[in-house]
file protein_15.txt (compact mmCIF, N, CA and C atoms)
# COMPACT_ATOMS: atom_id res chain seq x y z
N ARG A 8 64.52 78.77 164.62
CA ARG A 8 65.37 79.19 163.51
C ARG A 8 65.05 78.31 162.31
N ARG A 9 64.92 78.92 161.16
CA ARG A 9 64.57 78.19 159.95
C ARG A 9 65.68 78.36 158.92
N LYS A 10 65.96 77.27 158.20
CA LYS A 10 66.97 77.30 157.14
C LYS A 10 66.30 76.78 155.87
N VAL A 11 66.43 77.51 154.79
CA VAL A 11 65.89 77.09 153.51
C VAL A 11 67.05 76.88 152.55
N LEU A 12 67.17 75.66 152.04
CA LEU A 12 68.21 75.35 151.06
C LEU A 12 67.58 75.40 149.68
N MET A 13 68.19 76.17 148.80
CA MET A 13 67.63 76.29 147.46
C MET A 13 68.72 76.05 146.43
N SER A 14 68.37 75.22 145.43
CA SER A 14 69.30 74.94 144.35
C SER A 14 68.53 74.26 143.22
N THR A 15 68.99 74.46 142.01
CA THR A 15 68.40 73.76 140.87
C THR A 15 69.19 72.50 140.54
N ASP A 16 70.22 72.19 141.33
CA ASP A 16 71.09 71.05 141.06
C ASP A 16 70.39 69.70 141.13
N ALA A 17 69.28 69.61 141.85
CA ALA A 17 68.56 68.33 141.95
C ALA A 17 67.93 67.95 140.62
N GLY A 18 67.68 68.92 139.76
CA GLY A 18 67.07 68.64 138.46
C GLY A 18 65.63 68.19 138.58
N SER A 19 64.97 68.59 139.66
CA SER A 19 63.61 68.15 139.93
C SER A 19 62.94 69.17 140.85
N LYS A 20 61.62 69.09 140.91
CA LYS A 20 60.87 69.92 141.85
C LYS A 20 60.65 69.20 143.18
N GLU A 21 61.15 67.96 143.27
CA GLU A 21 60.93 67.17 144.49
C GLU A 21 62.20 66.42 144.89
N TYR A 22 62.21 66.00 146.14
CA TYR A 22 63.28 65.15 146.66
C TYR A 22 62.68 63.81 147.05
N ALA A 23 63.40 62.73 146.72
CA ALA A 23 62.94 61.39 147.03
C ALA A 23 63.42 60.93 148.41
N SER A 24 64.59 61.43 148.84
CA SER A 24 65.17 60.98 150.10
C SER A 24 66.21 61.97 150.58
N LEU A 25 66.39 62.06 151.91
CA LEU A 25 67.37 62.94 152.53
C LEU A 25 68.09 62.18 153.63
N SER A 26 69.38 62.48 153.85
CA SER A 26 70.12 61.84 154.93
C SER A 26 71.25 62.76 155.40
N PHE A 27 71.35 62.94 156.72
CA PHE A 27 72.45 63.71 157.30
C PHE A 27 73.64 62.81 157.54
N SER A 28 74.84 63.37 157.43
CA SER A 28 76.05 62.65 157.82
C SER A 28 76.01 62.47 159.33
N PRO A 29 76.71 61.46 159.85
CA PRO A 29 76.68 61.21 161.29
C PRO A 29 77.12 62.41 162.14
N ASP A 30 78.00 63.25 161.61
CA ASP A 30 78.44 64.42 162.36
C ASP A 30 77.56 65.65 162.12
N GLY A 31 76.55 65.52 161.27
CA GLY A 31 75.62 66.61 161.02
C GLY A 31 76.15 67.73 160.14
N LYS A 32 77.33 67.56 159.57
CA LYS A 32 77.92 68.63 158.76
C LYS A 32 77.51 68.59 157.30
N LEU A 33 77.08 67.42 156.82
CA LEU A 33 76.69 67.26 155.42
C LEU A 33 75.27 66.73 155.33
N LEU A 34 74.60 67.08 154.26
CA LEU A 34 73.27 66.55 153.96
C LEU A 34 73.30 66.04 152.53
N VAL A 35 72.87 64.81 152.32
CA VAL A 35 72.76 64.28 150.97
C VAL A 35 71.28 64.23 150.64
N ALA A 36 70.93 64.72 149.45
CA ALA A 36 69.54 64.82 149.03
C ALA A 36 69.38 64.19 147.65
N GLN A 37 68.48 63.21 147.56
CA GLN A 37 68.23 62.54 146.29
C GLN A 37 67.07 63.23 145.59
N GLY A 38 67.38 63.93 144.49
CA GLY A 38 66.34 64.58 143.71
C GLY A 38 65.51 63.56 142.96
N GLY A 39 64.31 63.96 142.58
CA GLY A 39 63.40 63.07 141.85
C GLY A 39 63.51 63.23 140.35
N ALA A 40 62.45 62.80 139.66
CA ALA A 40 62.40 62.86 138.20
C ALA A 40 62.37 64.32 137.75
N PRO A 41 62.86 64.65 136.61
CA PRO A 41 63.38 63.77 135.56
C PRO A 41 64.88 63.49 135.65
N GLU A 42 65.62 64.24 136.44
CA GLU A 42 67.09 64.12 136.43
C GLU A 42 67.65 63.08 137.40
N TRP A 43 67.03 62.88 138.57
CA TRP A 43 67.51 61.92 139.58
C TRP A 43 68.95 62.23 139.99
N ASN A 44 69.22 63.47 140.37
CA ASN A 44 70.55 63.88 140.81
C ASN A 44 70.68 63.77 142.32
N LEU A 45 71.82 63.25 142.76
CA LEU A 45 72.17 63.23 144.17
C LEU A 45 72.93 64.51 144.47
N VAL A 46 72.48 65.25 145.47
CA VAL A 46 73.08 66.54 145.79
C VAL A 46 73.70 66.47 147.19
N LEU A 47 74.97 66.80 147.29
CA LEU A 47 75.67 66.84 148.57
C LEU A 47 75.76 68.29 149.03
N TRP A 48 75.15 68.58 150.19
CA TRP A 48 75.12 69.93 150.75
C TRP A 48 76.09 70.04 151.92
N ILE A 49 76.76 71.17 152.03
CA ILE A 49 77.49 71.52 153.25
C ILE A 49 76.49 72.28 154.10
N TRP A 50 76.02 71.63 155.15
CA TRP A 50 74.89 72.12 155.93
C TRP A 50 75.13 73.51 156.52
N GLU A 51 76.26 73.71 157.18
CA GLU A 51 76.52 74.98 157.87
C GLU A 51 76.60 76.16 156.91
N LYS A 52 77.04 75.92 155.68
CA LYS A 52 77.18 76.99 154.71
C LYS A 52 75.99 77.09 153.77
N SER A 53 75.04 76.16 153.86
CA SER A 53 73.88 76.10 152.95
C SER A 53 74.35 76.13 151.50
N LYS A 54 75.38 75.35 151.22
CA LYS A 54 76.03 75.39 149.91
C LYS A 54 76.09 73.99 149.31
N VAL A 55 75.84 73.89 147.99
CA VAL A 55 75.98 72.62 147.29
C VAL A 55 77.47 72.36 147.07
N ALA A 56 77.92 71.17 147.50
CA ALA A 56 79.32 70.81 147.33
C ALA A 56 79.52 69.98 146.08
N SER A 57 78.56 69.11 145.76
CA SER A 57 78.74 68.19 144.64
C SER A 57 77.38 67.63 144.21
N THR A 58 77.29 67.24 142.94
CA THR A 58 76.10 66.54 142.44
C THR A 58 76.54 65.36 141.58
N PHE A 59 75.64 64.36 141.48
CA PHE A 59 75.93 63.17 140.69
C PHE A 59 74.61 62.60 140.20
N LYS A 60 74.51 62.28 138.92
CA LYS A 60 73.30 61.66 138.37
C LYS A 60 73.30 60.20 138.79
N THR A 61 72.32 59.80 139.58
CA THR A 61 72.32 58.46 140.17
C THR A 61 71.49 57.43 139.42
N THR A 62 70.65 57.86 138.51
CA THR A 62 69.81 56.91 137.80
C THR A 62 70.61 56.15 136.75
N ASN A 63 69.98 55.17 136.13
CA ASN A 63 70.62 54.39 135.07
C ASN A 63 70.20 54.94 133.70
N PRO A 64 70.69 54.39 132.58
CA PRO A 64 70.35 54.93 131.26
C PRO A 64 68.85 54.94 130.94
N THR A 65 68.06 54.09 131.60
CA THR A 65 66.62 54.08 131.35
C THR A 65 65.87 55.06 132.24
N ASN A 66 66.62 55.85 133.03
CA ASN A 66 66.06 56.89 133.90
C ASN A 66 65.11 56.32 134.95
N SER A 67 65.50 55.18 135.53
CA SER A 67 64.70 54.52 136.56
C SER A 67 64.70 55.32 137.85
N PRO A 68 63.64 55.18 138.66
CA PRO A 68 63.57 55.95 139.91
C PRO A 68 64.58 55.49 140.96
N VAL A 69 64.98 56.43 141.80
CA VAL A 69 65.84 56.18 142.95
C VAL A 69 64.99 56.44 144.18
N TYR A 70 65.02 55.50 145.15
CA TYR A 70 64.11 55.57 146.30
C TYR A 70 64.73 56.11 147.57
N GLN A 71 66.02 55.82 147.79
CA GLN A 71 66.59 56.12 149.10
C GLN A 71 68.07 56.43 148.99
N CYS A 72 68.52 57.40 149.77
CA CYS A 72 69.95 57.69 149.92
C CYS A 72 70.28 57.66 151.40
N LEU A 73 71.49 57.20 151.73
CA LEU A 73 71.89 57.10 153.14
C LEU A 73 73.38 57.36 153.30
N PHE A 74 73.72 58.01 154.40
CA PHE A 74 75.10 58.04 154.86
C PHE A 74 75.34 56.79 155.70
N ASN A 75 76.55 56.25 155.62
CA ASN A 75 76.94 55.16 156.49
C ASN A 75 77.19 55.75 157.88
N PRO A 76 76.48 55.30 158.92
CA PRO A 76 76.66 55.90 160.25
C PRO A 76 78.04 55.63 160.86
N ALA A 77 78.72 54.58 160.39
CA ALA A 77 80.04 54.24 160.94
C ALA A 77 81.19 54.82 160.13
N ASP A 78 80.89 55.31 158.93
CA ASP A 78 81.92 55.88 158.06
C ASP A 78 81.29 57.03 157.29
N LEU A 79 81.44 58.23 157.78
CA LEU A 79 80.74 59.37 157.18
C LEU A 79 81.19 59.67 155.76
N GLY A 80 82.22 58.98 155.30
CA GLY A 80 82.68 59.16 153.93
C GLY A 80 81.94 58.31 152.92
N LEU A 81 81.04 57.43 153.37
CA LEU A 81 80.30 56.57 152.44
C LEU A 81 78.83 56.98 152.35
N VAL A 82 78.36 57.13 151.12
CA VAL A 82 76.96 57.45 150.83
C VAL A 82 76.47 56.41 149.83
N SER A 83 75.24 55.96 150.00
CA SER A 83 74.69 54.95 149.09
C SER A 83 73.30 55.35 148.63
N VAL A 84 72.91 54.81 147.47
CA VAL A 84 71.56 55.01 146.95
C VAL A 84 71.03 53.69 146.41
N VAL A 85 69.71 53.51 146.50
CA VAL A 85 69.05 52.35 145.90
C VAL A 85 67.84 52.82 145.11
N GLY A 86 67.49 52.00 144.11
CA GLY A 86 66.34 52.30 143.28
C GLY A 86 66.03 51.13 142.37
N GLN A 87 65.26 51.38 141.35
CA GLN A 87 64.87 50.34 140.41
C GLN A 87 66.07 49.96 139.55
N GLY A 88 66.70 48.83 139.90
CA GLY A 88 67.91 48.39 139.21
C GLY A 88 69.14 49.18 139.57
N ILE A 89 69.09 49.90 140.69
CA ILE A 89 70.18 50.82 141.06
C ILE A 89 70.66 50.54 142.48
N PHE A 90 71.95 50.29 142.61
CA PHE A 90 72.64 50.30 143.89
C PHE A 90 73.99 50.93 143.63
N LYS A 91 74.23 52.07 144.25
CA LYS A 91 75.49 52.78 144.05
C LYS A 91 76.02 53.25 145.40
N VAL A 92 77.35 53.18 145.53
CA VAL A 92 78.02 53.66 146.73
C VAL A 92 79.04 54.71 146.30
N PHE A 93 79.09 55.79 147.05
CA PHE A 93 79.98 56.90 146.76
C PHE A 93 80.89 57.15 147.95
N ARG A 94 82.08 57.63 147.68
CA ARG A 94 82.99 58.11 148.71
C ARG A 94 82.95 59.63 148.63
N THR A 95 82.75 60.27 149.78
CA THR A 95 82.81 61.72 149.82
C THR A 95 84.24 62.11 150.19
N ALA A 96 84.91 62.77 149.30
CA ALA A 96 86.29 63.21 149.53
C ALA A 96 86.41 64.65 149.07
N ASP A 97 86.89 65.49 149.96
CA ASP A 97 87.02 66.92 149.65
C ASP A 97 85.69 67.49 149.14
N SER A 98 84.60 67.07 149.77
CA SER A 98 83.24 67.53 149.43
C SER A 98 82.81 67.16 148.02
N ASN A 99 83.40 66.12 147.45
CA ASN A 99 82.99 65.60 146.14
C ASN A 99 82.48 64.18 146.30
N LEU A 100 81.61 63.76 145.38
CA LEU A 100 81.09 62.40 145.37
C LEU A 100 81.85 61.59 144.33
N LYS A 101 82.50 60.52 144.76
CA LYS A 101 83.25 59.64 143.85
C LYS A 101 82.57 58.27 143.85
N LEU A 102 82.14 57.81 142.68
CA LEU A 102 81.45 56.53 142.56
C LEU A 102 82.43 55.39 142.78
N LEU A 103 82.05 54.43 143.62
CA LEU A 103 82.86 53.25 143.89
C LEU A 103 82.37 52.07 143.06
N PRO A 104 83.18 51.02 142.90
CA PRO A 104 82.74 49.85 142.12
C PRO A 104 81.46 49.25 142.69
N ASN A 105 80.60 48.74 141.80
CA ASN A 105 79.30 48.23 142.19
C ASN A 105 79.36 46.74 142.49
N ALA A 106 79.03 46.38 143.74
CA ALA A 106 79.07 44.98 144.17
C ALA A 106 77.97 44.14 143.53
N LEU A 107 76.93 44.77 143.01
CA LEU A 107 75.80 44.04 142.43
C LEU A 107 75.81 44.07 140.91
N ALA A 108 76.88 44.54 140.31
CA ALA A 108 76.94 44.71 138.85
C ALA A 108 76.79 43.39 138.10
N LYS A 109 77.23 42.28 138.69
CA LYS A 109 77.17 40.99 138.01
C LYS A 109 75.81 40.31 138.13
N ARG A 110 74.94 40.82 138.98
CA ARG A 110 73.60 40.27 139.15
C ARG A 110 72.64 40.90 138.14
N ASP A 111 71.56 40.18 137.84
CA ASP A 111 70.49 40.79 137.06
C ASP A 111 69.91 41.93 137.88
N ALA A 112 69.61 43.03 137.24
CA ALA A 112 69.07 44.19 137.94
C ALA A 112 67.74 43.84 138.59
N GLN A 113 67.57 44.29 139.83
CA GLN A 113 66.33 44.11 140.56
C GLN A 113 65.84 45.46 141.04
N ASN A 114 64.63 45.46 141.58
CA ASN A 114 64.09 46.67 142.17
C ASN A 114 64.52 46.71 143.63
N TYR A 115 65.58 47.46 143.92
CA TYR A 115 66.09 47.59 145.27
C TYR A 115 65.30 48.71 145.95
N THR A 116 64.47 48.34 146.92
CA THR A 116 63.51 49.29 147.49
C THR A 116 64.00 50.03 148.72
N CYS A 117 64.93 49.43 149.46
CA CYS A 117 65.42 50.05 150.69
C CYS A 117 66.76 49.46 151.07
N HIS A 118 67.46 50.11 151.99
CA HIS A 118 68.71 49.58 152.49
C HIS A 118 69.06 50.20 153.83
N ALA A 119 69.95 49.51 154.56
CA ALA A 119 70.38 50.00 155.87
C ALA A 119 71.83 49.58 156.10
N TRP A 120 72.63 50.53 156.59
CA TRP A 120 74.01 50.25 156.96
C TRP A 120 74.03 49.70 158.37
N MET A 121 75.06 48.90 158.68
CA MET A 121 75.25 48.43 160.06
C MET A 121 75.49 49.65 160.93
N PRO A 122 75.02 49.61 162.18
CA PRO A 122 75.15 50.79 163.04
C PRO A 122 76.59 51.07 163.45
N GLU A 123 76.80 52.32 163.86
CA GLU A 123 78.11 52.73 164.33
C GLU A 123 78.53 51.87 165.51
N GLY A 124 79.80 51.50 165.57
CA GLY A 124 80.30 50.68 166.65
C GLY A 124 80.34 49.20 166.32
N SER A 125 79.67 48.79 165.23
CA SER A 125 79.71 47.38 164.85
C SER A 125 81.02 47.08 164.15
N ALA A 126 81.42 45.82 164.21
CA ALA A 126 82.67 45.42 163.57
C ALA A 126 82.57 45.46 162.05
N GLU A 127 81.36 45.36 161.54
CA GLU A 127 81.13 45.32 160.08
C GLU A 127 80.73 46.70 159.57
N LYS A 128 81.62 47.68 159.68
CA LYS A 128 81.25 49.06 159.36
C LYS A 128 81.03 49.31 157.88
N GLU A 129 81.44 48.40 157.01
CA GLU A 129 81.17 48.57 155.58
C GLU A 129 80.15 47.56 155.10
N ARG A 130 79.26 47.11 155.97
CA ARG A 130 78.23 46.14 155.62
C ARG A 130 76.88 46.87 155.47
N VAL A 131 76.23 46.61 154.34
CA VAL A 131 74.93 47.20 154.07
C VAL A 131 73.98 46.07 153.67
N VAL A 132 72.74 46.14 154.15
CA VAL A 132 71.71 45.18 153.80
C VAL A 132 70.73 45.88 152.87
N ILE A 133 70.40 45.22 151.74
CA ILE A 133 69.56 45.82 150.70
C ILE A 133 68.31 44.96 150.54
N GLY A 134 67.15 45.59 150.59
CA GLY A 134 65.88 44.89 150.41
C GLY A 134 65.37 45.06 148.99
N THR A 135 64.72 44.00 148.47
CA THR A 135 64.17 44.03 147.11
C THR A 135 62.65 43.90 147.15
N ASP A 136 62.01 44.21 146.03
CA ASP A 136 60.56 44.09 145.97
C ASP A 136 60.10 42.63 145.84
N SER A 137 61.05 41.70 145.69
CA SER A 137 60.71 40.27 145.63
C SER A 137 60.97 39.58 146.97
N GLY A 138 61.26 40.36 148.02
CA GLY A 138 61.42 39.81 149.35
C GLY A 138 62.82 39.35 149.70
N GLU A 139 63.79 39.58 148.83
CA GLU A 139 65.17 39.20 149.13
C GLU A 139 65.84 40.28 149.98
N MET A 140 66.78 39.84 150.82
CA MET A 140 67.66 40.76 151.55
C MET A 140 69.08 40.39 151.17
N LEU A 141 69.76 41.31 150.51
CA LEU A 141 71.13 41.08 150.04
C LEU A 141 72.10 41.77 150.98
N VAL A 142 73.21 41.11 151.27
CA VAL A 142 74.23 41.68 152.14
C VAL A 142 75.47 41.98 151.31
N VAL A 143 75.89 43.23 151.36
CA VAL A 143 77.13 43.66 150.71
C VAL A 143 78.09 44.04 151.82
N ASP A 144 79.23 43.40 151.84
CA ASP A 144 80.21 43.62 152.90
C ASP A 144 81.56 43.99 152.27
N GLY A 145 82.04 45.17 152.59
CA GLY A 145 83.32 45.61 152.04
C GLY A 145 83.33 45.68 150.53
N GLY A 146 82.18 45.98 149.92
CA GLY A 146 82.08 46.11 148.47
C GLY A 146 81.82 44.81 147.74
N GLU A 147 81.61 43.70 148.49
CA GLU A 147 81.36 42.41 147.86
C GLU A 147 80.03 41.82 148.33
N LEU A 148 79.28 41.20 147.40
CA LEU A 148 78.03 40.54 147.74
C LEU A 148 78.34 39.25 148.49
N ARG A 149 77.69 39.06 149.63
CA ARG A 149 77.88 37.84 150.45
C ARG A 149 76.71 36.91 150.28

call {"tool": "encode", "arguments": {"input": "protein_15.txt", "output": "structure tokens"}}
result
Amino acid sequence: RRKVLMSTDAGSKEYASLSFSPDGKLLVAQGGAPEWNLVLWIWEKSKVASTFKTTNPTNSPVYQCLFNPADLGLVSVVGQGIFKVFRTADSNLKLLPNALAKRDAQNYTCHAWMPEGSAEKERVVIGTDSGEMLVVDGGELR
């Protein structure tokens, strides 16, 4: 069985990253240049639920989007000078406060949430192109 999802909401001809929610009901797709829109899909209905422009004012690239495996309501993205966390509520993306806002912007190349079942369910580790690994726990940089 094949499913084709089609939408112009990504604002691009390509996707940079895809991630399913832990329950498999939602798919988050990070569109590429020029718009860099994050698109939240309701998988079973093949329908776009919400979109959000994830890049910064300089239109920097976004590399990765992820659902938190321990909290399906959290979605995050990283990119060049970009770290954003969203809460999915009623199939909408709501931007949460940025734990890295006080730091000088870096090129955040990848990230990983703590696995389901861990005590630190809101802990995410972020990798940079300068070899740093930053830990954000409960919305705060540690």

call {"tool": "select_by_dssp", "arguments": {"input": "protein_15.txt", "residues": "chain A", "states": "strand (DSSP E or B)", "output": "PyMOL selection string"}}
result
chain A and resi 19+22-27+33-38+41+44-49+54-60+69-75+78-87+89-96+99-102+114-120+130-135+140-144+147-148

call {"tool": "closest_atom_pairs", "arguments": {"input": "protein_15.txt", "of": "segment 69-126 of chain A", "to": "segment 30-52 of chain A", "cutoff": "7 Å", "atoms": "all atoms listed in the file", "output": "CSV"}}
result
residue,atom,partner,partner_atom,distance
A:Val69,N,A:Trp43,CA,6.4
A:Gln71,C,A:Gln37,CA,6.7
A:Cys72,CA,A:Gln37,N,6.2
A:Leu79,CA,A:Asp30,N,6.5

call {"tool": "atom_distance", "arguments": {"input": "protein_15.txt", "atom1": "atom C of Asn66 of chain A", "atom2": "atom N of Glu139 of chain A"}}
result
21.8 Å

call {"tool": "closest_residue", "arguments": {"input": "protein_15.txt", "among": "A:Gly88, A:Pro122, A:Gly134, A:Gly146", "to": "Pro76 of chain A", "atoms": "all atoms listed in the file"}}
result
A:Pro122

call {"tool": "residues_around", "arguments": {"input": "protein_15.txt", "residues": "Cys117 of chain A", "least_positions_apart": "3", "cutoff": "8 Å", "atoms": "all atoms listed in the file", "output": "PyMOL selection string"}}
result
chain A and resi 70-71+84-86+114+132-136

call {"tool": "closest_residue", "arguments": {"input": "protein_15.txt", "among": "A:Lys109, A:Arg130, A:Lys20, A:Lys54", "to": "Asn75 of chain A", "atoms": "only C-alpha atoms"}}
result
A:Arg130

call {"tool": "axis_aligned_box", "arguments": {"input": "protein_15.txt", "around": "segment 34-39 of chain A", "padding_each_side": "6 Å", "output": "JSON"}}
result
{"center_x": 69.0, "center_y": 64.8, "center_z": 147.3, "size_x": 23.2, "size_y": 16.5, "size_z": 25.9}

call {"tool": "residues_near_point", "arguments": {"input": "protein_15.txt", "point": "(79.6, 63.7, 146.5)", "cutoff": "6 Å", "atoms": "all atoms listed in the file", "output": "list in words"}}
result
Leu47, Ser57, Thr58, Arg94, Thr95, Ser98, Asn99, Leu100 and Lys101 of chain A

call {"tool": "residues_near_point", "arguments": {"input": "protein_15.txt", "point": "(71.2, 41.3, 148.5)", "cutoff": "10 Å", "atoms": "only C-alpha atoms", "output": "compact mmCIF listing (two decimals) with N, CA and C atoms, in the coordinates of the input"}}
result
# COMPACT_ATOMS: atom_id res chain seq x y z
N ALA A 106 79.03 46.38 143.74
CA ALA A 106 79.07 44.98 144.17
C ALA A 106 77.97 44.14 143.53
N LEU A 107 76.93 44.77 143.01
CA LEU A 107 75.80 44.04 142.43
C LEU A 107 75.81 44.07 140.91
N ARG A 110 74.94 40.82 138.98
CA ARG A 110 73.60 40.27 139.15
C ARG A 110 72.64 40.90 138.14
N GLN A 113 67.57 44.29 139.83
CA GLN A 113 66.33 44.11 140.56
C GLN A 113 65.84 45.46 141.04
N TYR A 115 65.58 47.46 143.92
CA TYR A 115 66.09 47.59 145.27
C TYR A 115 65.30 48.71 145.95
N HIS A 118 67.46 50.11 151.99
CA HIS A 118 68.71 49.58 152.49
C HIS A 118 69.06 50.20 153.83
N VAL A 131 76.23 46.61 154.34
CA VAL A 131 74.93 47.20 154.07
C VAL A 131 73.98 46.07 153.67
N VAL A 132 72.74 46.14 154.15
CA VAL A 132 71.71 45.18 153.80
C VAL A 132 70.73 45.88 152.87
N ILE A 133 70.40 45.22 151.74
CA ILE A 133 69.56 45.82 150.70
C ILE A 133 68.31 44.96 150.54
N GLY A 134 67.15 45.59 150.59
CA GLY A 134 65.88 44.89 150.41
C GLY A 134 65.37 45.06 148.99
N THR A 135 64.72 44.00 148.47
CA THR A 135 64.17 44.03 147.11
C THR A 135 62.65 43.90 147.15
N GLY A 138 61.26 40.36 148.02
CA GLY A 138 61.42 39.81 149.35
C GLY A 138 62.82 39.35 149.70
N GLU A 139 63.79 39.58 148.83
CA GLU A 139 65.17 39.20 149.13
C GLU A 139 65.84 40.28 149.98
N MET A 140 66.78 39.84 150.82
CA MET A 140 67.66 40.76 151.55
C MET A 140 69.08 40.39 151.17
N LEU A 141 69.76 41.31 150.51
CA LEU A 141 71.13 41.08 150.04
C LEU A 141 72.10 41.77 150.98
N VAL A 142 73.21 41.11 151.27
CA VAL A 142 74.23 41.68 152.14
C VAL A 142 75.47 41.98 151.31
N VAL A 143 75.89 43.23 151.36
CA VAL A 143 77.13 43.66 150.71
C VAL A 143 78.09 44.04 151.82
N LEU A 148 79.28 41.20 147.40
CA LEU A 148 78.03 40.54 147.74
C LEU A 148 78.34 39.25 148.49
N ARG A 149 77.69 39.06 149.63
CA ARG A 149 77.88 37.84 150.45
C ARG A 149 76.71 36.91 150.28

call {"tool": "atom_distance", "arguments": {"input": "protein_15.txt", "atom1": "atom CA of Phe74 of chain A", "atom2": "atom CA of Trp120 of chain A"}}
result
8.1 Å

call {"tool": "build_atoms", "arguments": {"input": "protein_15.txt", "residues": "segment 52-58 of chain A", "atoms": "all heavy atoms", "output": "JSON list (two decimals), keeping the file's coordinate frame"}}
result
[["chain", "number", "residue", "atom", "x", "y", "z"],
["A", 52, "LYS", "N", 77.04, 75.92, 155.68],
["A", 52, "LYS", "CA", 77.18, 76.99, 154.71],
["A", 52, "LYS", "C", 75.99, 77.09, 153.77],
["A", 52, "LYS", "O", 75.94, 78.00, 152.93],
["A", 52, "LYS", "CB", 78.46, 76.79, 153.89],
["A", 52, "LYS", "CG", 79.72, 76.86, 154.71],
["A", 52, "LYS", "CD", 80.93, 76.64, 153.84],
["A", 52, "LYS", "CE", 82.20, 76.71, 154.67],
["A", 52, "LYS", "NZ", 83.40, 76.44, 153.88],
["A", 53, "SER", "N", 75.04, 76.16, 153.86],
["A", 53, "SER", "CA", 73.88, 76.10, 152.95],
["A", 53, "SER", "C", 74.35, 76.13, 151.50],
["A", 53, "SER", "O", 73.78, 76.83, 150.66],
["A", 53, "SER", "CB", 72.91, 77.26, 153.22],
["A", 53, "SER", "OG", 72.44, 77.21, 154.54],
["A", 54, "LYS", "N", 75.38, 75.35, 151.22],
["A", 54, "LYS", "CA", 76.03, 75.39, 149.91],
["A", 54, "LYS", "C", 76.09, 73.99, 149.31],
["A", 54, "LYS", "O", 76.38, 73.02, 150.00],
["A", 54, "LYS", "CB", 77.44, 75.94, 150.08],
["A", 54, "LYS", "CG", 78.28, 75.98, 148.84],
["A", 54, "LYS", "CD", 79.68, 76.47, 149.17],
["A", 54, "LYS", "CE", 80.59, 76.19, 148.00],
["A", 54, "LYS", "NZ", 81.98, 76.39, 148.31],
["A", 55, "VAL", "N", 75.84, 73.89, 147.99],
["A", 55, "VAL", "CA", 75.98, 72.62, 147.29],
["A", 55, "VAL", "C", 77.47, 72.36, 147.07],
["A", 55, "VAL", "O", 78.18, 73.20, 146.53],
["A", 55, "VAL", "CB", 75.24, 72.65, 145.93],
["A", 55, "VAL", "CG1", 75.56, 71.40, 145.12],
["A", 55, "VAL", "CG2", 73.74, 72.75, 146.15],
["A", 56, "ALA", "N", 77.92, 71.17, 147.50],
["A", 56, "ALA", "CA", 79.32, 70.81, 147.33],
["A", 56, "ALA", "C", 79.52, 69.98, 146.08],
["A", 56, "ALA", "O", 80.54, 70.11, 145.40],
["A", 56, "ALA", "CB", 79.80, 70.02, 148.55],
["A", 57, "SER", "N", 78.56, 69.11, 145.76],
["A", 57, "SER", "CA", 78.74, 68.19, 144.64],
["A", 57, "SER", "C", 77.38, 67.63, 144.21],
["A", 57, "SER", "O", 76.46, 67.55, 145.01],
["A", 57, "SER", "CB", 79.66, 67.05, 145.08],
["A", 57, "SER", "OG", 79.91, 66.15, 144.04],
["A", 58, "THR", "N", 77.29, 67.24, 142.94],
["A", 58, "THR", "CA", 76.10, 66.54, 142.44],
["A", 58, "THR", "C", 76.54, 65.36, 141.58],
["A", 58, "THR", "O", 77.64, 65.36, 141.04],
["A", 58, "THR", "CB", 75.20, 67.46, 141.59],
["A", 58, "THR", "OG1", 75.94, 67.92, 140.46],
["A", 58, "THR", "CG2", 74.67, 68.64, 142.38]]
